[in-house]
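**Student:** mmCIF, C-alpha atoms, file final.cif:
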data_coords
#
loop_
_atom_site.group_PDB
_atom_site.id
_atom_site.type_symbol
_atom_site.label_atom_id
_atom_site.label_comp_id
_atom_site.auth_asym_id
_atom_site.auth_seq_id
_atom_site.Cartn_x
_atom_site.Cartn_y
_atom_site.Cartn_z
ATOM 1 C CA MET A 251 -19.731 3.996 -4.685
ATOM 2 C CA LEU A 252 -18.089 6.594 -6.923
ATOM 3 C CA SER A 253 -17.075 10.048 -5.697
ATOM 4 C CA ALA A 254 -15.351 12.611 -7.924
ATOM 5 C CA TYR A 255 -13.264 15.593 -6.846
ATOM 6 C CA ARG A 256 -11.569 18.343 -8.806
ATOM 7 C CA PHE A 257 -8.569 20.183 -7.420
ATOM 8 C CA ASP A 258 -6.837 23.316 -8.598
ATOM 9 C CA ALA A 259 -4.268 25.654 -7.105
ATOM 10 C CA GLN A 260 -6.826 27.463 -4.909
ATOM 11 C CA ARG A 261 -9.662 25.112 -4.042
ATOM 12 C CA SER A 262 -11.153 21.650 -4.203
ATOM 13 C CA GLU A 263 -14.699 20.732 -5.084
ATOM 14 C CA ARG A 264 -16.860 17.688 -5.521
ATOM 15 C CA VAL A 265 -18.193 17.222 -9.036
ATOM 16 C CA ASP A 266 -21.154 15.256 -10.368
ATOM 17 C CA ASP A 267 -20.256 15.218 -14.060
ATOM 18 C CA TRP A 268 -16.921 13.501 -13.636
ATOM 19 C CA GLU A 269 -16.635 12.566 -17.322
ATOM 20 C CA ALA A 270 -16.681 16.201 -18.371
ATOM 21 C CA ALA A 271 -14.275 17.067 -15.548
ATOM 22 C CA CYS A 272 -11.793 14.453 -16.775
ATOM 23 C CA LYS A 273 -12.014 15.765 -20.348
ATOM 24 C CA ASP A 274 -11.518 19.367 -19.228
ATOM 25 C CA ALA A 275 -8.651 18.553 -16.871
ATOM 26 C CA ASP A 276 -5.350 20.233 -17.732
ATOM 27 C CA ALA A 277 -2.025 21.007 -16.097
ATOM 28 C CA GLN A 278 -3.714 23.486 -13.726
ATOM 29 C CA ASN A 279 -6.202 21.065 -12.207
ATOM 30 C CA LEU A 280 -6.515 17.420 -11.293
ATOM 31 C CA VAL A 281 -9.547 15.106 -11.110
ATOM 32 C CA TRP A 282 -9.735 12.294 -8.572
ATOM 33 C CA LEU A 283 -12.275 9.505 -8.995
ATOM 34 C CA ALA A 284 -12.575 7.618 -5.702
ATOM 35 C CA LEU A 285 -14.243 4.200 -5.978
ATOM 36 C CA ARG A 286 -15.112 2.309 -2.811
ATOM 37 C CA ASP A 287 -16.551 -1.179 -3.230
ATOM 38 C CA PRO A 288 -17.507 -0.339 -6.815
ATOM 39 C CA SER A 289 -20.249 -2.169 -8.665
ATOM 40 C CA ASP A 290 -19.775 -3.803 -12.044
ATOM 41 C CA GLU A 291 -21.779 -0.975 -13.637
ATOM 42 C CA GLU A 292 -19.500 1.681 -12.160
ATOM 43 C CA ILE A 293 -16.396 -0.190 -13.306
ATOM 44 C CA ALA A 294 -17.811 -0.510 -16.822
ATOM 45 C CA GLU A 295 -18.722 3.191 -16.897
ATOM 46 C CA VAL A 296 -15.259 4.303 -15.775
ATOM 47 C CA ARG A 297 -13.597 1.836 -18.112
ATOM 48 C CA GLY A 298 -15.504 3.081 -21.142
ATOM 49 C CA ALA A 299 -15.202 6.802 -20.347
ATOM 50 C CA LEU A 300 -11.455 6.674 -19.713
ATOM 51 C CA ASP A 301 -10.649 4.075 -22.378
ATOM 52 C CA LEU A 302 -8.904 1.719 -19.983
ATOM 53 C CA SER A 303 -7.111 -1.429 -21.064
ATOM 54 C CA ASP A 304 -9.258 -4.558 -21.354
ATOM 55 C CA GLU A 305 -6.452 -6.538 -19.767
ATOM 56 C CA LEU A 306 -5.734 -4.274 -16.780
ATOM 57 C CA ALA A 307 -9.083 -2.565 -16.123
ATOM 58 C CA PRO A 308 -10.430 -5.558 -14.109
ATOM 59 C CA ARG A 309 -7.864 -4.644 -11.430
ATOM 60 C CA LEU A 310 -10.296 -1.919 -10.345
ATOM 61 C CA ARG A 311 -12.717 -4.639 -9.280
ATOM 62 C CA GLN A 312 -10.300 -7.334 -8.149
ATOM 63 C CA GLN A 313 -7.142 -5.686 -6.943
ATOM 64 C CA PRO A 314 -3.904 -7.675 -6.746
ATOM 65 C CA GLU A 315 -2.942 -8.692 -3.228
ATOM 66 C CA ARG A 316 0.625 -7.487 -3.668
ATOM 67 C CA ALA A 317 1.902 -3.968 -4.344
ATOM 68 C CA SER A 318 2.939 -3.677 -7.982
ATOM 69 C CA VAL A 319 3.113 -1.432 -11.068
ATOM 70 C CA ALA A 320 1.742 -2.125 -14.554
ATOM 71 C CA ASP A 321 1.739 -0.011 -17.722
ATOM 72 C CA ASP A 322 -0.425 -0.362 -20.839
ATOM 73 C CA GLY A 323 1.348 2.423 -22.714
ATOM 74 C CA GLN A 324 -1.315 5.086 -22.054
ATOM 75 C CA HIS A 325 -2.189 4.545 -18.418
ATOM 76 C CA LEU A 326 -0.250 3.538 -15.367
ATOM 77 C CA TYR A 327 -1.690 1.025 -12.890
ATOM 78 C CA VAL A 328 -0.258 1.192 -9.369
ATOM 79 C CA THR A 329 -1.380 -1.250 -6.681
ATOM 80 C CA LEU A 330 -0.880 -0.239 -3.057
ATOM 81 C CA VAL A 331 -1.756 -2.244 0.054
ATOM 82 C CA ALA A 332 -2.935 -0.196 3.039
ATOM 83 C CA VAL A 333 -3.733 -1.111 6.638
ATOM 84 C CA ALA A 334 -7.383 -0.664 7.577
ATOM 85 C CA GLY A 335 -9.684 -1.735 10.391
ATOM 86 C CA GLU A 336 -9.277 -1.471 14.150
ATOM 87 C CA GLU A 337 -5.906 -1.333 15.886
ATOM 88 C CA ASP A 338 -6.466 -4.694 17.582
ATOM 89 C CA ALA A 339 -7.586 -6.349 14.350
ATOM 90 C CA PRO A 340 -5.961 -4.607 11.377
ATOM 91 C CA ALA A 341 -6.786 -5.730 7.862
ATOM 92 C CA LEU A 342 -4.810 -5.355 4.655
ATOM 93 C CA VAL A 343 -6.773 -3.692 1.860
ATOM 94 C CA SER A 344 -5.503 -3.312 -1.701
ATOM 95 C CA VAL A 345 -5.839 0.094 -3.371
ATOM 96 C CA GLU A 346 -5.704 0.206 -7.165
ATOM 97 C CA CYS A 347 -4.606 3.523 -8.657
ATOM 98 C CA VAL A 348 -5.025 4.228 -12.370
ATOM 99 C CA LEU A 349 -3.180 7.266 -13.685
ATOM 100 C CA GLY A 350 -4.143 9.296 -16.710
ATOM 101 C CA ALA A 351 -2.840 12.591 -18.050
ATOM 102 C CA ASN A 352 -4.557 14.787 -15.440
ATOM 103 C CA TRP A 353 -6.775 12.375 -13.575
ATOM 104 C CA VAL A 354 -6.406 9.558 -11.057
ATOM 105 C CA VAL A 355 -8.793 6.725 -10.249
ATOM 106 C CA THR A 356 -8.485 4.909 -6.930
ATOM 107 C CA SER A 357 -10.472 1.780 -6.101
ATOM 108 C CA HIS A 358 -10.615 -0.293 -2.934
ATOM 109 C CA PRO A 359 -13.238 -2.630 -1.425
ATOM 110 C CA ASP A 360 -13.363 -1.311 2.148
ATOM 111 C CA GLU A 361 -13.031 1.973 3.975
ATOM 112 C CA ILE A 362 -9.454 2.980 4.717
ATOM 113 C CA ALA A 363 -8.970 5.474 7.533
ATOM 114 C CA VAL A 364 -5.815 7.112 6.163
ATOM 115 C CA LEU A 365 -7.435 7.793 2.780
ATOM 116 C CA GLU A 366 -10.457 9.313 4.508
ATOM 117 C CA GLU A 367 -8.103 11.569 6.462
ATOM 118 C CA PHE A 368 -6.277 12.482 3.272
ATOM 119 C CA LEU A 369 -9.585 13.395 1.638
ATOM 120 C CA GLU A 370 -10.534 15.608 4.589
ATOM 121 C CA ARG A 371 -7.193 17.389 4.348
ATOM 122 C CA ALA A 372 -7.551 17.734 0.574
ATOM 123 C CA GLU A 373 -11.071 19.164 0.854
ATOM 124 C CA GLY A 374 -9.785 21.722 3.313
ATOM 125 C CA GLY A 375 -7.822 23.497 0.596
ATOM 126 C CA GLY A 376 -4.201 23.477 -0.490
ATOM 127 C CA GLU A 377 -2.536 23.249 -3.854
ATOM 128 C CA ILE A 378 -3.255 19.664 -4.846
ATOM 129 C CA GLY A 379 -4.400 20.861 -8.255
ATOM 130 C CA VAL A 380 -0.844 21.779 -9.203
ATOM 131 C CA LEU A 381 0.234 18.158 -8.787
ATOM 132 C CA ASP A 382 0.436 15.863 -11.769
ATOM 133 C CA ALA A 383 -1.191 12.437 -11.573
ATOM 134 C CA ALA A 384 2.000 10.598 -10.596
ATOM 135 C CA SER A 385 2.789 13.132 -7.852
ATOM 136 C CA PHE A 386 -0.748 12.744 -6.525
ATOM 137 C CA VAL A 387 -0.247 8.976 -6.282
ATOM 138 C CA ALA A 388 3.038 9.641 -4.467
ATOM 139 C CA VAL A 389 1.098 11.633 -1.863
ATOM 140 C CA VAL A 390 -1.481 8.846 -1.556
ATOM 141 C CA SER A 391 1.351 6.315 -1.194
ATOM 142 C CA GLU A 392 2.830 8.320 1.656
ATOM 143 C CA TRP A 393 -0.475 8.133 3.522
ATOM 144 C CA VAL A 394 -0.524 4.389 2.884
ATOM 145 C CA ILE A 395 2.917 4.095 4.477
ATOM 146 C CA VAL A 396 1.577 6.090 7.431
ATOM 147 C CA SER A 397 -1.021 3.359 7.953
ATOM 148 C CA TYR A 398 1.814 0.848 8.493
ATOM 149 C CA LEU A 399 3.616 3.131 10.924
ATOM 150 C CA ARG A 400 0.408 3.469 12.928
ATOM 151 C CA ALA A 401 -0.046 -0.305 12.918
ATOM 152 C CA PHE A 402 3.476 -0.843 14.254
ATOM 153 C CA GLU A 403 2.890 1.809 16.927
ATOM 154 C CA ALA A 404 -0.275 -0.038 17.954
ATOM 155 C CA VAL A 405 1.736 -3.247 18.352
ATOM 156 C CA GLU A 406 4.319 -1.385 20.453
ATOM 157 C CA GLY A 407 1.523 -0.085 22.668
ATOM 158 C CA ALA A 408 0.121 -3.604 23.078
ATOM 159 C CA LEU A 409 3.590 -4.854 24.025
ATOM 160 C CA GLU A 410 3.977 -2.143 26.671
ATOM 161 C CA GLU A 411 0.653 -3.156 28.229
ATOM 162 C CA LEU A 412 1.670 -6.812 28.103
ATOM 163 C CA ASP A 413 5.047 -6.084 29.739
ATOM 164 C CA ALA A 414 3.376 -4.112 32.546
ATOM 165 C CA GLN A 415 0.913 -6.958 33.082
ATOM 166 C CA VAL A 416 3.669 -9.577 33.195
ATOM 167 C CA ILE A 417 5.740 -7.534 35.664
ATOM 168 C CA SER A 418 2.836 -6.784 37.998
ATOM 169 C CA GLN A 419 1.105 -10.167 37.937
ATOM 170 C CA ALA A 420 1.344 -12.713 40.736
ATOM 171 C CA PRO A 421 4.259 -15.147 40.266
ATOM 172 C CA SER A 422 1.956 -18.155 40.484
ATOM 173 C CA ARG A 423 -0.339 -16.957 37.692
ATOM 174 C CA ASP A 424 -0.415 -18.936 34.447
ATOM 175 C CA VAL A 425 1.226 -17.089 31.530
ATOM 176 C CA SER A 426 -0.149 -19.137 28.640
ATOM 177 C CA ALA A 427 -2.493 -16.274 27.670
ATOM 178 C CA GLU A 428 0.463 -13.888 27.422
ATOM 179 C CA LEU A 429 2.374 -16.389 25.282
ATOM 180 C CA ASP A 430 -0.600 -16.667 22.934
ATOM 181 C CA ARG A 431 -0.756 -12.871 22.735
ATOM 182 C CA LEU A 432 2.931 -12.651 21.810
ATOM 183 C CA VAL A 433 2.465 -15.231 19.067
ATOM 184 C CA GLU A 434 -0.493 -13.246 17.731
ATOM 185 C CA LEU A 435 1.503 -9.995 17.682
ATOM 186 C CA ARG A 436 4.489 -11.700 16.047
ATOM 187 C CA LEU A 437 2.291 -13.068 13.266
ATOM 188 C CA ARG A 438 0.704 -9.640 12.802
ATOM 189 C CA VAL A 439 4.061 -7.896 12.438
ATOM 190 C CA GLY A 440 5.221 -10.538 9.966
ATOM 191 C CA SER A 441 2.078 -10.111 7.873
ATOM 192 C CA LEU A 442 2.411 -6.320 7.869
ATOM 193 C CA ARG A 443 6.059 -6.461 6.885
ATOM 194 C CA ARG A 444 5.397 -8.874 4.011
ATOM 195 C CA ALA A 445 2.709 -6.523 2.704
ATOM 196 C CA LEU A 446 4.925 -3.455 3.137
ATOM 197 C CA ALA A 447 8.119 -4.761 1.533
ATOM 198 C CA PRO A 448 6.846 -4.825 -2.120
ATOM 199 C CA HIS A 449 6.142 -1.071 -1.907
ATOM 200 C CA ARG A 450 9.887 -0.584 -2.069
ATOM 201 C CA GLU A 451 9.876 -2.035 -5.589
ATOM 202 C CA VAL A 452 6.933 0.193 -6.563
ATOM 203 C CA VAL A 453 8.685 3.312 -5.300
ATOM 204 C CA THR A 454 11.919 2.347 -7.015
ATOM 205 C CA SER A 455 10.083 1.913 -10.331
ATOM 206 C CA LEU A 456 8.256 5.237 -10.113
ATOM 207 C CA ARG A 457 11.212 7.317 -8.964
ATOM 208 C CA HIS A 458 12.621 7.090 -12.490
ATOM 209 C CA PRO A 459 10.366 9.208 -14.784
ATOM 210 C CA GLU A 460 12.053 7.901 -17.902
ATOM 211 C CA LEU A 461 10.562 4.445 -17.404
ATOM 212 C CA ASP A 462 6.960 5.425 -18.223
ATOM 213 C CA ALA A 463 5.060 8.134 -20.081
ATOM 214 C CA LEU A 464 3.202 9.675 -17.120
ATOM 215 C CA SER A 465 5.892 10.155 -14.485
ATOM 216 C CA THR A 466 7.646 13.521 -14.281
ATOM 217 C CA GLU A 467 10.755 14.855 -12.641
ATOM 218 C CA ALA A 468 8.581 16.292 -9.859
ATOM 219 C CA SER A 469 6.920 12.935 -9.205
ATOM 220 C CA GLY A 470 10.304 11.194 -9.407
ATOM 221 C CA GLN A 471 11.581 13.484 -6.659
ATOM 222 C CA ARG A 472 8.533 12.760 -4.532
ATOM 223 C CA PHE A 473 8.948 9.011 -4.918
ATOM 224 C CA ALA A 474 12.652 9.347 -4.099
ATOM 225 C CA GLU A 475 11.667 11.000 -0.826
ATOM 226 C CA LEU A 476 9.006 8.343 -0.293
ATOM 227 C CA GLU A 477 11.656 5.657 -0.587
ATOM 228 C CA THR A 478 13.127 6.969 2.655
ATOM 229 C CA ARG A 479 9.722 6.703 4.332
ATOM 230 C CA VAL A 480 9.370 3.096 3.180
ATOM 231 C CA ALA A 481 12.811 2.319 4.607
ATOM 232 C CA GLN A 482 11.773 3.930 7.907
ATOM 233 C CA ALA A 483 8.615 1.815 7.991
ATOM 234 C CA LEU A 484 10.639 -1.360 7.354
ATOM 235 C CA ASP A 485 12.998 -0.346 10.166
ATOM 236 C CA ALA A 486 9.940 0.142 12.393
ATOM 237 C CA ALA A 487 8.848 -3.405 11.522
ATOM 238 C CA ARG A 488 12.264 -4.734 12.492
ATOM 239 C CA ASP A 489 12.301 -2.756 15.752
ATOM 240 C CA THR A 490 8.808 -3.980 16.600
ATOM 241 C CA LYS A 491 9.892 -7.573 16.001
ATOM 242 C CA ASP A 492 12.853 -7.023 18.339
ATOM 243 C CA SER A 493 10.469 -5.596 20.932
ATOM 244 C CA ILE A 494 8.393 -8.769 20.738
ATOM 245 C CA PHE A 495 11.499 -10.843 21.402
ATOM 246 C CA GLY A 496 12.274 -8.540 24.354
ATOM 247 C CA SER A 497 8.790 -9.104 25.747
ATOM 248 C CA PHE A 498 9.274 -12.840 25.289
ATOM 249 C CA ASP A 499 12.542 -12.691 27.249
ATOM 250 C CA LEU A 500 10.734 -10.820 30.020
ATOM 251 C CA LEU A 501 8.018 -13.468 30.056
ATOM 252 C CA VAL A 502 10.600 -16.253 30.196
ATOM 253 C CA ALA A 503 12.293 -14.485 33.114
ATOM 254 C CA ARG A 504 8.928 -14.289 34.863
ATOM 255 C CA ILE A 505 8.369 -18.007 34.265
ATOM 256 C CA GLY A 506 11.864 -18.686 35.662
ATOM 257 C CA GLN A 507 11.037 -16.642 38.746
ATOM 258 C CA ARG A 508 7.846 -18.628 39.205
ATOM 259 C CA THR A 509 9.820 -21.878 38.929
ATOM 260 C CA ASN A 510 12.330 -20.631 41.499
ATOM 261 C CA ASP A 511 9.517 -19.715 43.895
ATOM 262 C CA ILE A 512 8.030 -23.192 43.525
ATOM 263 C CA MET A 513 11.411 -24.841 44.118
ATOM 264 C CA LYS A 514 11.981 -22.623 47.157
ATOM 265 C CA ILE A 515 8.696 -23.731 48.695
ATOM 266 C CA LEU A 516 9.430 -27.386 47.969
ATOM 267 C CA THR A 517 12.938 -27.094 49.447
ATOM 268 C CA LEU A 518 11.647 -25.385 52.547
ATOM 269 C CA GLY A 519 9.026 -28.093 52.985
ATOM 270 C CA THR A 520 11.745 -30.736 52.664
ATOM 271 C CA VAL A 521 13.900 -29.012 55.300
ATOM 272 C CA ILE A 522 10.956 -28.819 57.684
ATOM 273 C CA LEU A 523 9.938 -32.469 57.284
ATOM 274 C CA LEU A 524 13.407 -34.036 57.174
ATOM 275 C CA PRO A 525 14.180 -33.775 60.950
ATOM 276 C CA ALA A 526 10.695 -35.048 61.749
ATOM 277 C CA THR A 527 11.231 -37.952 59.360
ATOM 278 C CA VAL A 528 14.534 -38.823 61.040
ATOM 279 C CA LEU A 529 12.989 -38.687 64.500
ATOM 280 C CA ALA A 530 10.036 -40.799 63.383
ATOM 281 C CA GLY A 531 12.420 -43.326 61.842
ATOM 282 C CA VAL A 532 14.549 -43.588 64.959
ATOM 283 C CA MET A 533 11.623 -43.817 67.306
ATOM 284 C CA GLY A 534 9.996 -46.432 65.114
ATOM 285 C CA MET A 535 12.940 -48.877 65.261
ATOM 286 C CA ASN A 536 11.950 -52.325 66.600
ATOM 287 C CA PHE A 537 14.310 -52.560 69.601
ATOM 288 C CA LYS A 538 13.183 -53.412 73.105
ATOM 289 C CA VAL A 539 14.403 -50.320 74.841
ATOM 290 C CA GLY A 540 12.957 -49.273 78.162
ATOM 291 C CA LEU A 541 12.613 -45.763 76.823
ATOM 292 C CA PHE A 542 9.530 -46.790 74.886
ATOM 293 C CA ASP A 543 7.750 -47.726 78.118
ATOM 294 C CA TYR A 544 7.028 -44.044 78.854
ATOM 295 C CA SER A 545 3.891 -42.858 77.059
ATOM 296 C CA TRP A 546 4.673 -39.184 77.589
ATOM 297 C CA LEU A 547 7.741 -39.610 75.368
ATOM 298 C CA PHE A 548 5.454 -39.771 72.316
ATOM 299 C CA TRP A 549 4.182 -36.294 73.014
ATOM 300 C CA ALA A 550 7.706 -35.069 73.697
ATOM 301 C CA VAL A 551 8.816 -36.272 70.242
ATOM 302 C CA ILE A 552 5.816 -34.570 68.611
ATOM 303 C CA ALA A 553 6.640 -31.352 70.438
ATOM 304 C CA LEU A 554 10.290 -31.600 69.340
ATOM 305 C CA MET A 555 9.174 -31.992 65.713
ATOM 306 C CA LEU A 556 7.010 -28.878 66.007
ATOM 307 C CA VAL A 557 9.835 -26.908 67.642
ATOM 308 C CA ILE A 558 12.241 -27.842 64.863
ATOM 309 C CA ALA A 559 9.658 -26.885 62.202
ATOM 310 C CA ALA A 560 9.035 -23.528 63.914
ATOM 311 C CA PHE A 561 12.793 -22.906 64.150
ATOM 312 C CA VAL A 562 13.267 -23.623 60.416
ATOM 313 C CA LEU A 563 10.397 -21.305 59.508
ATOM 314 C CA ALA A 564 11.743 -18.546 61.766
ATOM 315 C CA ALA A 565 15.227 -18.877 60.261
ATOM 316 C CA ALA A 566 13.824 -18.770 56.708
ATOM 317 C CA ARG A 567 11.762 -15.703 57.598
ATOM 318 C CA ALA A 568 14.756 -13.950 59.159
ATOM 319 C CA ARG A 569 16.811 -14.514 56.001
ATOM 320 C CA GLU A 570 13.851 -13.360 53.859
ATOM 321 C CA TRP A 571 13.609 -16.669 52.051
ATOM 322 C CA ILE A 572 9.842 -16.505 52.481
#
Kindly present the structure from the file in structure tokens form.

**Tutor:**
Amino acid sequence: MLSAYRFDAQRSERVDDWEAACKDADAQNLVWLALRDPSDEEIAEVRGALDLSDELAPRLRQQPERASVADDGQHLYVTLVAVAGEEDAPALVSVECVLGANWVVTSHPDEIAVLEEFLERAEGGGEIGVLDAASFVAVVSEWVIVSYLRAFEAVEGALEELDAQVISQAPSRDVSAELDRLVELRLRVGSLRRALAPHREVVTSLRHPELDALSTEASGQRFAELETRVAQALDAARDTKDSIFGSFDLLVARIGQRTNDIMKILTLGTVILLPATVLAGVMGMNFKVGLFDYSWLFWAVIALMLVIAAFVLAAARAREWI
């Protein structure tokens, strides 16, 4: 699906004749061609109208999986990787940006929430039309970085819920489900960080306008500021990883407490049964003693065992061992 928008200093509008809009675009307005899950016909139409490189144009259909920058001398190809999908099951979606003199083409296979939000903000007005193509991509890149920050915040929220569950759960409850959840979150953070890290190279390349024909000093300044945002997102990834290790330590402490409770019960059972075992051993010795001629003595020994067990339980209760 292809959607075209034209921005100037006062307004934004959706256009049907995007080819004419791209030809008429100048320094006072900017045309954005947004492709979502484009067909081969749409790719061919855009490729022919904008005279894209035969070598790099296929990136609009099959985007690289890693953030990168390519240049064919006339156009600049910037690949971004955004986080899409639900918070519990985020997906990484590549966004291919092709920059021309006063137009930008973006292409991605699935819906990306942050880009939809950016479009809503852009349609609400503003001065996007005064941006050059590279500066526009810098703004889009910032929204992409926001998608990572939201993903890390979602992981932090999941960890807080997991910590509360671990703290409040019964000591005897199995924690294998929580361990599996921690492994899942750790793998998610690692995947997000590996996808985020290459954006630092992209930003570093585009912050220097002298390295390509389309970047400007204004876009270079924007990408320099974006470099700080990328560093903040990488720090968020590191902090989230540390939080996972903290949750793991809490879970291990809970497992240790459960083990201690089990050992306490076993020890108490041993203390209760040991005197009875000694009495039973003594009374079961094969000596002809007249004491064993009294049948009531059997019940006296049983009663003594029960008294000792009750005394041990009362002492443990008084010392708050149980």

**Student:** Pick out the closest residue to Gln471 of chain A from this set: A:Ser426, A:Ser385, A:Ser391, A:Ser397. Count only C-alpha atoms.

**Tutor:**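 Between A:Ser426, A:Ser385, A:Ser391, A:Ser397, the residue approaching Gln471 of chain A most closely is A:Ser385.
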
**Student:** Quick one: of A:Val528, A:Ile505, A:Val345, A:Val416, who's nearest to Ala317 of chain A, counting only C-alpha atoms?

**Tutor:**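 Selected residue with least distance to Ala317 of chain A: A:Val345.
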
**Student:** Would you place a box with edges along x, y and z of the file around all atoms of segment 334-345 of chain A listed there, add 5 Å to each of its six sides, and report the centre and edge lengths in Å to one decimal, as AutoDock Vina command-line options?

**Tutor:**
--center_x -7.2 --center_y -3.1 --center_z 7.1 --size_x 14.9 --size_y 16.4 --size_z 31.0

**Student:** Restricting the calculation to only C-alpha atoms, which member of A:Arg438, A:Arg316, A:Arg371, A:Lys273 is positioned closest to Ala341 of chain A?

**Tutor:**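 Looking at the shortest contact to Ala341 of chain A, the residue is A:Arg438.
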
**Student:** Check the smallest atom-to-atom distance from each of A:Ala294, A:Leu446, A:Ala384, A:Val343 to Asp485 of chain A using only C-alpha atoms, then report the winner.

**Tutor:**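 Smallest separation from Asp485 of chain A among the options: A:Leu446.
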
**Student:** Could you please determine the separation between atom CA of Asp301 of chain A and atom CA of Cys347 of chain A in Å, to one decimal place?

**Tutor:**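 Separation of atom CA of Asp301 of chain A and atom CA of Cys347 of chain A: 15.0 Å.
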
**Student:** Hey, which of A:Ala299, A:Leu563, A:Val390, A:Leu283 ends up closest to Thr356 of chain A? Count all atoms listed in the file.

**Tutor:** A:Leu283

**Student:** Considering all atoms listed in the file, can you say which of A:Val355, A:Ala553, A:Val328, A:Leu349 comes closest to Ser253 of chain A?

**Tutor:**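 Ranking A:Val355, A:Ala553, A:Val328, A:Leu349 by distance to Ser253 of chain A, first place goes to A:Val355.
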
**Student:** Give as JSON, numbers by chain every residue, naming chains and numbers as the document does, that has an atom within 12 Å of (-16.5, 15.1, -12.5), counting only C-alpha atoms.

**Tutor:** {"A": [252, 253, 254, 255, 256, 257, 262, 263, 264, 265, 266, 267, 268, 269, 270, 271, 272, 273, 274, 275, 279, 280, 281, 282, 283, 284, 296, 299, 353, 354, 355]}

**Student:** For the file shown, what are the residues hit by the PyMOL selection byres ((chain A and resi 526) around 12), laid out as a PyMOL selection string?

**Tutor:** chain A and resi 519-525+527-534+551-560+562

**Student:** Got a sec: who's within 12 Å of Val425 of chain A, counting only C-alpha atoms, leaving out chain neighbours fewer than 4 positions off, as JSON, numbers by chain?

**Tutor:** {"A": [412, 413, 415, 416, 417, 419, 420, 421, 429, 430, 431, 432, 498, 500, 501, 502, 503, 504, 505, 506, 508]}

**Student:** Need the shell around segment 332-337 of chain A: protein/DNA/RNA residues with any atom at most 7 Å away, counting all atoms listed in the file. Skip same-chain ones fewer than 2 positions apart. Format as a compact mmCIF listing (two decimals) with C-alpha atoms, keeping the file's coordinate frame?

**Tutor:**
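For reference, around_18.txt as written:
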# COMPACT_ATOMS: atom_id res chain seq x y z
CA LEU A 330 -0.88 -0.24 -3.06
CA ALA A 339 -7.59 -6.35 14.35
CA PRO A 340 -5.96 -4.61 11.38
CA ALA A 341 -6.79 -5.73 7.86
CA LEU A 342 -4.81 -5.36 4.66
CA VAL A 343 -6.77 -3.69 1.86
CA SER A 344 -5.50 -3.31 -1.70
CA ILE A 362 -9.45 2.98 4.72
CA ALA A 363 -8.97 5.47 7.53
CA VAL A 394 -0.52 4.39 2.88
CA SER A 397 -1.02 3.36 7.95
CA TYR A 398 1.81 0.85 8.49
CA ALA A 401 -0.05 -0.30 12.92
CA ALA A 404 -0.28 -0.04 17.95

**Student:** Fewer than 2 positions away in the same chain doesn't count, so skip those; otherwise give me all residues within 9 Å of Thr490 of chain A, counting only C-alpha atoms, as a list in words.

**Tutor:** Phe402, Glu403, Val405, Glu406, Arg436, Val439, Asp485, Ala486, Ala487, Arg488, Asp492, Ser493, Ile494 and Phe495 of chain A

**Student:** Exactly which residues make up the result of the PyMOL selection byres ((chain A and resi 320) around 12) on this file, given as a list of chain:residue names?

**Tutor:** A:Ser303, A:Glu305, A:Leu306, A:Ala307, A:Arg309, A:Pro314, A:Ala317, A:Ser318, A:Val319, A:Asp321, A:Asp322, A:Gly323, A:Gln324, A:His325, A:Leu326, A:Tyr327, A:Val328, A:Thr329, A:Leu330, A:Glu346, A:Cys347, A:Val348, A:Leu349, A:Val452, A:Ser455, A:Leu456, A:Leu461, A:Asp462

**Student:** If you apply the PyMOL selection byres ((chain A and resi 457) around 8) to this file, what residues do you get, as a list of chain:residue names?

**Tutor:**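 After applying the PyMOL selection byres ((chain A and resi 457) around 8), what remains is A:Val453, A:Thr454, A:Ser455, A:Leu456, A:His458, A:Pro459, A:Ser469, A:Gly470, A:Gln471, A:Arg472, A:Phe473, A:Ala474.
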
**Student:** One decimal, in Å: what's the spacing between atom CA of Ser497 of chain A and atom CA of Leu409 of chain A?

**Tutor:**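 Separation between atom CA of Ser497 of chain A and atom CA of Leu409 of chain A: 6.9 Å.
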
**Student:** To one decimal place, how far is atom CA of Ala468 of chain A from atom CA of Ala351 of chain A in Å?

**Tutor:** 14.5 Å
